[in-house]
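J.: final_12.tsv (TSV, C-alpha atoms) pasted underneath:
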chain	number	residue	atom	x	y	z
A	120	MET	CA	-208.30	-120.33	114.04
A	121	SER	CA	-207.60	-122.47	117.11
A	122	PHE	CA	-203.90	-122.13	116.35
A	123	LEU	CA	-204.07	-118.47	117.33
A	124	GLN	CA	-205.48	-119.23	120.76
A	125	HIS	CA	-202.76	-121.62	121.86
A	126	ASP	CA	-200.94	-120.88	125.08
A	127	VAL	CA	-197.20	-121.24	125.42
A	128	PRO	CA	-195.95	-123.71	128.04
A	129	LEU	CA	-193.72	-121.98	130.57
A	130	SER	CA	-191.12	-124.74	130.18
A	131	TRP	CA	-190.38	-123.36	126.70
A	132	TYR	CA	-189.47	-120.02	128.22
A	133	LEU	CA	-187.21	-121.79	130.72
A	134	LEU	CA	-185.60	-123.81	127.92
A	135	LEU	CA	-184.97	-120.61	125.95
A	136	SER	CA	-183.37	-119.15	129.05
A	137	ALA	CA	-181.14	-122.24	129.46
A	138	VAL	CA	-180.07	-122.09	125.80
A	139	LEU	CA	-179.24	-118.38	126.05
A	140	PHE	CA	-177.24	-118.97	129.24
A	141	CYS	CA	-175.24	-121.77	127.60
A	142	LEU	CA	-174.59	-119.61	124.52
A	143	GLY	CA	-173.29	-116.95	126.89
A	144	VAL	CA	-170.92	-119.46	128.51
A	145	VAL	CA	-169.70	-120.63	125.09
A	146	GLY	CA	-169.12	-117.01	124.08
A	147	PHE	CA	-167.17	-116.43	127.28
A	148	LEU	CA	-164.96	-119.40	126.39
A	149	ILE	CA	-164.34	-118.84	122.67
A	150	LYS	CA	-164.23	-115.05	122.40
A	151	ARG	CA	-160.74	-113.53	122.39
A	152	ASN	CA	-161.72	-109.88	122.70
A	153	LEU	CA	-162.13	-108.29	126.12
A	154	ILE	CA	-165.28	-106.38	125.10
A	155	THR	CA	-167.06	-109.38	123.57
A	156	VAL	CA	-166.20	-111.50	126.63
A	157	PHE	CA	-167.91	-108.81	128.69
A	158	MET	CA	-170.91	-108.89	126.33
A	159	SER	CA	-171.21	-112.65	126.88
A	160	ILE	CA	-171.51	-112.00	130.62
A	161	GLU	CA	-174.36	-109.56	129.91
A	162	LEU	CA	-176.03	-112.26	127.80
A	163	MET	CA	-175.86	-114.70	130.75
A	164	LEU	CA	-177.37	-112.09	133.09
A	165	ASN	CA	-180.23	-111.56	130.64
A	166	ALA	CA	-180.89	-115.30	130.38
A	167	VAL	CA	-181.19	-115.56	134.16
A	168	ASN	CA	-183.53	-112.55	134.19
A	169	LEU	CA	-185.84	-114.34	131.73
A	170	SER	CA	-186.18	-117.34	134.02
A	171	PHE	CA	-186.85	-115.02	137.00
A	172	VAL	CA	-189.72	-113.41	135.08
A	173	THR	CA	-191.05	-116.82	134.05
A	174	PHE	CA	-191.11	-118.09	137.64
A	175	ALA	CA	-192.68	-114.83	138.81
A	176	TYR	CA	-195.47	-115.49	136.31
A	177	GLN	CA	-195.85	-119.12	137.36
A	178	TRP	CA	-196.24	-118.47	141.08
A	179	HIS	CA	-197.95	-115.06	140.83
A	180	GLU	CA	-195.12	-113.64	142.91
A	181	VAL	CA	-194.16	-110.05	142.22
A	182	ARG	CA	-190.88	-110.34	144.13
A	183	GLY	CA	-189.39	-112.26	141.20
A	184	GLN	CA	-189.89	-109.22	139.01
A	185	ILE	CA	-188.42	-106.95	141.67
A	186	PHE	CA	-185.35	-109.19	141.80
A	187	VAL	CA	-184.95	-108.70	138.04
A	188	PHE	CA	-185.19	-104.94	138.59
A	189	PHE	CA	-182.32	-105.06	141.09
A	190	VAL	CA	-180.28	-107.32	138.78
A	191	MET	CA	-180.70	-104.72	136.03
A	192	MET	CA	-179.49	-101.91	138.29
A	193	VAL	CA	-176.45	-103.89	139.44
A	194	ALA	CA	-175.70	-104.90	135.83
A	195	ALA	CA	-175.78	-101.25	134.76
A	196	ALA	CA	-173.34	-100.32	137.53
A	197	GLU	CA	-171.16	-103.31	136.64
A	198	ALA	CA	-171.12	-102.33	132.96
A	199	ALA	CA	-170.01	-98.78	133.80
A	200	VAL	CA	-167.17	-99.92	136.07
A	201	GLY	CA	-166.17	-102.82	133.80
A	202	LEU	CA	-165.93	-100.66	130.70
A	203	ALA	CA	-163.87	-98.08	132.63
A	204	ILE	CA	-161.51	-100.91	133.61
A	205	ILE	CA	-161.34	-102.02	129.95
A	206	ILE	CA	-160.41	-98.47	128.92
A	207	ALA	CA	-157.72	-98.38	131.62
A	208	VAL	CA	-156.35	-101.77	130.49
A	209	PHE	CA	-156.30	-100.62	126.87
A	210	ARG	CA	-154.38	-97.47	127.82
A	211	ALA	CA	-151.84	-99.49	129.79
A	212	ARG	CA	-151.29	-102.36	127.34
A	213	SER	CA	-152.77	-101.02	124.06
A	214	THR	CA	-154.42	-104.33	123.24
A	215	LEU	CA	-157.84	-105.86	123.80
A	216	ALA	CA	-156.88	-109.49	123.14
A	217	VAL	CA	-157.29	-111.53	126.30
A	218	ASP	CA	-154.35	-113.75	125.30
A	219	ARG	CA	-151.97	-110.78	125.52
A	220	ILE	CA	-153.25	-109.55	128.88
A	221	ASP	CA	-151.48	-112.28	130.82
A	222	LEU	CA	-149.44	-110.42	133.43
A	223	MET	CA	-150.86	-112.53	136.26
A	224	LYS	CA	-150.40	-115.83	134.44
A	225	LEU	CA	-147.94	-118.25	135.98
B	108	MET	CA	-201.16	-115.07	118.72
B	109	HIS	CA	-199.06	-115.76	121.80
B	110	LEU	CA	-197.46	-118.79	120.18
B	111	ILE	CA	-196.57	-116.84	117.03
B	112	LEU	CA	-195.11	-113.94	119.01
B	113	PHE	CA	-193.16	-116.34	121.22
B	114	PHE	CA	-191.64	-118.19	118.28
B	115	LEU	CA	-190.85	-114.97	116.41
B	116	PHE	CA	-189.05	-113.29	119.28
B	117	ALA	CA	-187.45	-116.43	120.68
B	118	GLY	CA	-186.08	-116.93	117.15
B	119	PHE	CA	-184.75	-113.36	117.09
B	120	CYS	CA	-183.19	-113.96	120.51
B	121	LEU	CA	-181.41	-117.15	119.49
B	122	ALA	CA	-180.34	-115.75	116.12
B	123	GLY	CA	-178.89	-112.69	117.82
B	124	ALA	CA	-177.06	-114.75	120.44
B	125	ILE	CA	-175.58	-117.11	117.81
B	126	ASN	CA	-174.62	-114.13	115.64
B	127	LEU	CA	-172.86	-112.62	118.67
B	128	LEU	CA	-170.67	-115.72	118.83
B	129	LEU	CA	-169.97	-115.91	115.08
B	130	GLN	CA	-169.12	-112.27	114.37
B	131	THR	CA	-165.45	-111.37	114.54
B	132	HIS	CA	-165.93	-107.63	114.77
B	133	PRO	CA	-166.99	-106.35	118.23
B	134	ILE	CA	-169.36	-103.73	116.82
B	135	ASN	CA	-171.38	-106.46	115.04
B	136	SER	CA	-171.50	-108.45	118.28
B	137	ALA	CA	-172.75	-105.36	120.14
B	138	LEU	CA	-175.50	-104.77	117.58
B	139	SER	CA	-176.68	-108.38	117.75
B	140	LEU	CA	-176.72	-108.14	121.55
B	141	ILE	CA	-179.11	-105.19	121.17
B	142	VAL	CA	-181.38	-107.45	119.08
B	143	VAL	CA	-181.29	-110.09	121.85
B	144	MET	CA	-182.14	-107.59	124.57
B	145	THR	CA	-184.98	-105.94	122.66
B	146	SER	CA	-186.62	-109.27	121.82
B	147	LEU	CA	-186.24	-110.29	125.48
B	148	ALA	CA	-188.21	-107.15	126.34
B	149	VAL	CA	-191.06	-108.40	124.12
B	150	LEU	CA	-190.94	-111.79	125.87
B	151	TYR	CA	-191.21	-109.99	129.24
B	152	LEU	CA	-194.26	-108.21	127.86
B	153	LEU	CA	-195.80	-111.57	126.93
B	154	LEU	CA	-195.20	-112.78	130.51
B	155	GLY	CA	-197.04	-109.81	131.98
B	156	ALA	CA	-194.03	-107.80	133.12
B	157	GLU	CA	-194.72	-104.45	131.46
B	158	PHE	CA	-192.52	-102.42	133.77
B	159	LEU	CA	-189.56	-104.73	133.27
B	160	ALA	CA	-190.02	-104.70	129.49
B	161	ILE	CA	-189.75	-100.92	129.41
B	162	ALA	CA	-186.88	-100.94	131.93
B	163	GLN	CA	-185.10	-103.55	129.80
B	164	ILE	CA	-185.33	-101.34	126.72
B	165	ILE	CA	-184.26	-98.18	128.57
B	166	VAL	CA	-181.54	-99.65	130.78
B	167	TYR	CA	-180.13	-102.49	128.67
B	168	SER	CA	-180.81	-101.71	125.01
B	169	GLY	CA	-180.41	-98.02	125.80
B	170	ALA	CA	-177.87	-97.18	128.44
B	171	VAL	CA	-175.70	-100.30	128.72
B	172	MET	CA	-175.42	-100.98	125.00
B	173	VAL	CA	-174.70	-97.32	124.22
B	174	LEU	CA	-171.81	-97.61	126.69
B	175	PHE	CA	-170.63	-100.77	124.92
B	176	THR	CA	-170.80	-99.32	121.40
B	177	PHE	CA	-169.18	-96.13	122.66
B	178	VAL	CA	-166.24	-98.04	124.13
B	179	VAL	CA	-165.90	-100.22	120.99
B	180	MET	CA	-165.69	-97.10	118.83
B	181	LEU	CA	-163.49	-95.18	121.29
B	182	LEU	CA	-160.91	-97.95	121.47
B	183	ASN	CA	-161.19	-98.57	117.71
B	184	ALA	CA	-161.41	-102.30	118.42
B	185	GLY	CA	-160.52	-104.21	115.30
B	186	ARG	CA	-161.14	-107.72	114.17
B	187	GLU	CA	-160.33	-110.32	116.78
B	188	GLU	CA	-158.17	-113.32	116.04
B	189	HIS	CA	-160.37	-116.33	115.66
B	190	THR	CA	-159.43	-119.14	118.00
B	191	LEU	CA	-161.37	-121.93	119.54
B	192	GLY	CA	-160.26	-120.95	122.99
B	193	SER	CA	-157.45	-122.19	125.14
B	194	ARG	CA	-156.73	-125.84	125.83
B	195	ALA	CA	-158.34	-125.60	129.26
B	196	ALA	CA	-161.50	-124.23	127.64
B	197	SER	CA	-161.79	-127.04	125.12
B	198	ARG	CA	-160.95	-129.80	127.63
B	199	VAL	CA	-163.00	-128.66	130.60
B	200	GLY	CA	-165.16	-125.81	129.31
B	201	PHE	CA	-167.14	-127.33	126.45
B	202	PRO	CA	-167.97	-130.63	128.19
B	203	ALA	CA	-169.02	-128.55	131.19
B	204	VAL	CA	-171.33	-126.46	128.99
B	205	VAL	CA	-172.89	-129.60	127.49
B	206	VAL	CA	-173.39	-131.10	130.96
B	207	LEU	CA	-174.82	-127.82	132.25
B	208	PHE	CA	-177.33	-127.62	129.41
B	209	ALA	CA	-178.31	-131.28	129.80
B	210	VAL	CA	-178.90	-130.82	133.54
B	211	LEU	CA	-180.90	-127.61	133.02
B	212	ALA	CA	-183.02	-129.14	130.25
B	213	THR	CA	-183.75	-132.26	132.30
B	214	ILE	CA	-184.74	-130.21	135.34
B	215	VAL	CA	-187.01	-127.97	133.26
B	216	LEU	CA	-188.67	-130.81	131.37
B	217	HIS	CA	-189.32	-132.82	134.54
B	218	MET	CA	-190.54	-129.89	136.59
B	219	GLN	CA	-193.98	-130.56	138.00
B	220	GLY	CA	-196.77	-128.03	138.07
B	221	LEU	CA	-195.49	-125.64	135.43
B	222	GLY	CA	-198.43	-123.97	133.76
B	223	ALA	CA	-198.85	-122.21	130.46
B	224	ALA	CA	-198.74	-118.50	129.76
B	225	HIS	CA	-201.93	-116.73	128.72
B	226	LEU	CA	-201.80	-113.32	127.14
B	227	GLY	CA	-203.04	-110.51	129.33
B	228	GLU	CA	-203.04	-112.37	132.62
B	229	GLY	CA	-201.66	-110.38	135.51
B	230	LEU	CA	-199.83	-111.41	138.64
B	231	SER	CA	-202.45	-110.07	140.98
B	232	ASN	CA	-205.37	-112.15	142.16
B	233	ALA	CA	-207.45	-109.11	142.99
B	234	PRO	CA	-209.52	-107.90	140.04
B	235	GLY	CA	-208.66	-104.50	138.63
B	236	GLN	CA	-205.22	-104.36	140.16
B	237	SER	CA	-202.49	-103.90	137.57
B	238	ASN	CA	-199.06	-105.48	137.78
B	239	LEU	CA	-197.45	-102.08	138.02
B	240	GLU	CA	-199.58	-101.20	141.05
B	241	LEU	CA	-198.64	-104.46	142.78
B	242	LEU	CA	-194.96	-104.05	141.96
B	243	SER	CA	-194.76	-100.48	143.17
B	244	GLN	CA	-196.56	-101.34	146.40
B	245	VAL	CA	-193.98	-103.98	147.26
B	246	LEU	CA	-191.03	-101.98	145.94
B	247	PHE	CA	-191.84	-98.73	147.74
B	248	HIS	CA	-193.20	-100.14	150.99
B	249	GLU	CA	-191.39	-103.32	151.93
B	250	LEU	CA	-188.22	-102.89	149.87
B	251	LEU	CA	-187.75	-99.14	150.15
B	252	LEU	CA	-184.36	-99.40	151.87
B	253	PRO	CA	-182.78	-101.73	149.25
B	254	PHE	CA	-184.21	-99.47	146.55
B	255	GLU	CA	-182.55	-96.42	148.08
B	256	VAL	CA	-179.29	-98.30	148.65
B	257	THR	CA	-179.28	-99.08	144.90
B	258	SER	CA	-179.07	-95.37	144.15
B	259	VAL	CA	-175.99	-95.10	146.40
B	260	LEU	CA	-174.50	-98.11	144.59
B	261	ILE	CA	-175.02	-96.48	141.20
B	262	LEU	CA	-173.52	-93.21	142.47
B	263	ILE	CA	-170.44	-95.09	143.71
B	264	ALA	CA	-170.21	-96.93	140.38
B	265	ILE	CA	-170.29	-93.63	138.46
B	266	LEU	CA	-167.60	-92.15	140.71
B	267	GLY	CA	-165.51	-95.32	140.36
B	268	ALA	CA	-165.86	-95.30	136.56
B	269	VAL	CA	-164.84	-91.66	136.35
B	270	ALA	CA	-161.90	-92.22	138.71
B	271	LEU	CA	-160.73	-95.30	136.77
B	272	ALA	CA	-160.96	-93.70	133.35
B	273	HIS	CA	-159.60	-90.33	134.50
B	274	ALA	CA	-156.65	-91.27	136.75
B	275	GLU	CA	-154.99	-93.13	133.92
B	276	GLY	CA	-155.55	-90.20	131.55
B	277	SER	CA	-154.06	-87.59	133.89
B	278	LYS	CA	-151.03	-89.82	134.41
B	279	ILE	CA	-150.49	-89.96	130.65
B	280	GLY	CA	-150.91	-86.20	130.56
B	281	ALA	CA	-148.35	-85.79	133.35
B	282	SER	CA	-145.80	-88.02	131.59
B	283	GLU	CA	-146.31	-86.06	128.38
B	284	ARG	CA	-145.74	-82.86	130.29
B	285	THR	CA	-142.48	-84.13	131.77
B	286	ALA	CA	-141.43	-85.34	128.33
B	287	GLU	CA	-141.99	-81.85	126.94
B	288	LYS	CA	-139.68	-80.38	129.56
As structure tokens, what does this structure read like?
T.:
Amino acid sequence: MSFLQHDVPLSWYLLLSAVLFCLGVVGFLIKRNLITVFMSIELMLNAVNLSFVTFAYQWHEVRGQIFVFFVMMVAAAEAAVGLAIIIAVFRARSTLAVDRIDLMKL
Amino acid sequence: MHLILFFLFAGFCLAGAINLLLQTHPINSALSLIVVMTSLAVLYLLLGAEFLAIAQIIVYSGAVMVLFTFVVMLLNAGREEHTLGSRAASRVGFPAVVVLFAVLATIVLHMQGLGAAHLGEGLSNAPGQSNLELLSQVLFHELLLPFEVTSVLILIAILGAVALAHAEGSKIGASERTAEK
């Protein structure tokens, strides 16, 4: 049963965090819906939070976890304001496709 | 045990994130994002961050994702057109993502002094002191002012959200009223 006692190297957690962040960037690039683009940003924030927690564990430093706490609070505020903006945009232009919301495009 | 849990929930995480990219309907993307966030909470638990795991479930999987699903249903968001992004995205974006991942992976794999995670090990060096105790000591003594400022930030965000969503609505109401006259 030695398999059950194995520890997980912290670099695997960091790699998972890097993969999640890159998936978030890819989602930001390929998604054409305003709401799913916003969700990709949330995914990137979560990936960064995971690496904060991993480093907090590595260096026995509780401030890393407190930073994640503040990131969560700011992300909640950002989600509220961002979704209100999305509702306002939808009311003004009645579309959610980012290709059609191009008023500021040259 | 730790290894099995890590692989299980890292797998859930990656599957959810990839599903988020592949789904064309926003509500399916929102549901797979909930899967990602909840399995991240379990990973936090494995890394000895109990408070953050619970906060992740309450704040992210709870509050933020309820907002997202609510907005998706309110706006009746349909299927999105499937494109591979703009030309700028495919020319600059995807190579940049590949380079970013390569750089991150190289840094992580060459990082010296990274240990391994044991189950049940806390952050504190003092015996008998829980992580929560340590966290609350720092949060409520040294960082009390930033903590209180956060509440003001959230209050302003709520007011801003209400103002943004309401001002537009009352304008529509006003134009309807003038149209009736």
J.: What would the list of residues within 9 Å of (-195.0, -110.1, 140.1) (file frame) look like as a list of chain:residue names, if all atoms listed in the file are what count?
T.: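 All residues meeting the 9 Å criterion around (-195.0, -110.1, 140.1) are A:Val172, A:Ala175, A:Tyr176, A:Trp178, A:His179, A:Glu180, A:Val181, A:Arg182, A:Gly183, A:Gln184, A:Ile185, B:Gly155, B:Ala156, B:Gly229, B:Leu230, B:Ser231, B:Asn238, B:Leu239, B:Leu241, B:Leu242.
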J.: Those residues you just picked out, can you put them in a file as a tab-separated table (two decimals), in the frame of the given file with C-alpha atoms?
T.:
chain	number	residue	atom	x	y	z
A	172	VAL	CA	-189.72	-113.41	135.08
A	175	ALA	CA	-192.68	-114.83	138.81
A	176	TYR	CA	-195.47	-115.49	136.31
A	178	TRP	CA	-196.24	-118.47	141.08
A	179	HIS	CA	-197.95	-115.06	140.83
A	180	GLU	CA	-195.12	-113.64	142.91
A	181	VAL	CA	-194.16	-110.05	142.22
A	182	ARG	CA	-190.88	-110.34	144.13
A	183	GLY	CA	-189.39	-112.26	141.20
A	184	GLN	CA	-189.89	-109.22	139.01
A	185	ILE	CA	-188.42	-106.95	141.67
B	155	GLY	CA	-197.04	-109.81	131.98
B	156	ALA	CA	-194.03	-107.80	133.12
B	229	GLY	CA	-201.66	-110.38	135.51
B	230	LEU	CA	-199.83	-111.41	138.64
B	231	SER	CA	-202.45	-110.07	140.98
B	238	ASN	CA	-199.06	-105.48	137.78
B	239	LEU	CA	-197.45	-102.08	138.02
B	241	LEU	CA	-198.64	-104.46	142.78
B	242	LEU	CA	-194.96	-104.05	141.96
J.: Do you know which residues lie at most 12 Å from (-153.9, -106.9, 129.3), with coordinates as in the file and only C-alpha atoms counted, and could you write them as a ChimeraX atom specification?
T.: /A:151-153,204-224
J.: Check which residues of chain B sit at most 6 Å from chain A using only C-alpha atoms, and return one row each with the closest pair of atoms and their distance in Å to one decimal, ordered by chain and rising number, as a tab-separated table.
T.:
residue	atom	partner	partner_atom	distance
B:Met108	CA	A:Leu123	CA	4.7
B:Leu110	CA	A:Val127	CA	5.8
B:Leu128	CA	A:Gly146	CA	5.6
B:Leu191	CA	A:Ile149	CA	5.3
B:Gly192	CA	A:Ile149	CA	4.6
B:Ala223	CA	A:Pro128	CA	4.1
B:Ala224	CA	A:Val127	CA	5.4
B:His225	CA	A:Asp126	CA	5.6
B:Leu230	CA	A:His179	CA	4.7
B:Ile261	CA	A:Ala196	CA	5.6
B:Ala264	CA	A:Ala196	CA	5.4
B:Ala268	CA	A:Val200	CA	4.8
B:Leu271	CA	A:Ala203	CA	5.9
B:Ala272	CA	A:Ala203	CA	5.3
J.: What does the distance from atom CA of B:Gly123 to atom CA of B:Ile165 come to in Å, to one decimal?
T.: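 Between atom CA of B:Gly123 and atom CA of B:Ile165 the gap works out to 18.8 Å.
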J.: Record the distance separating atom CA of B:Ser136 and atom CA of B:Ile265, expressed in Å with one decimal.
T.: 25.1 Å
J.: Could you state the separation of atom CA of B:Pro202 and atom CA of B:Phe119 in Å, given to one decimal place?
T.: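 Calculated distance between atom CA of B:Pro202 and atom CA of B:Phe119 is 26.5 Å.
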J.: Please determine, counting all atoms listed in the file, which residue among B:Ala124, B:Ile141, B:Leu153, B:Ala270 has the shortest atom-to-atom distance to B:Ala170.
T.: B:Ile141
J.: Using the file's own x, y and z axes, so that the box edges lie along x, y and z, what centre and edge lengths in Å (one decimal) does a box around every listed atom of stretch 193-210 of chain A get when 6 Å is added on each side? Give it as AutoDock Vina command-line options.
T.:
--center_x -165.4 --center_y -101.2 --center_z 133.2 --size_x 34.1 --size_y 19.4 --size_z 24.6
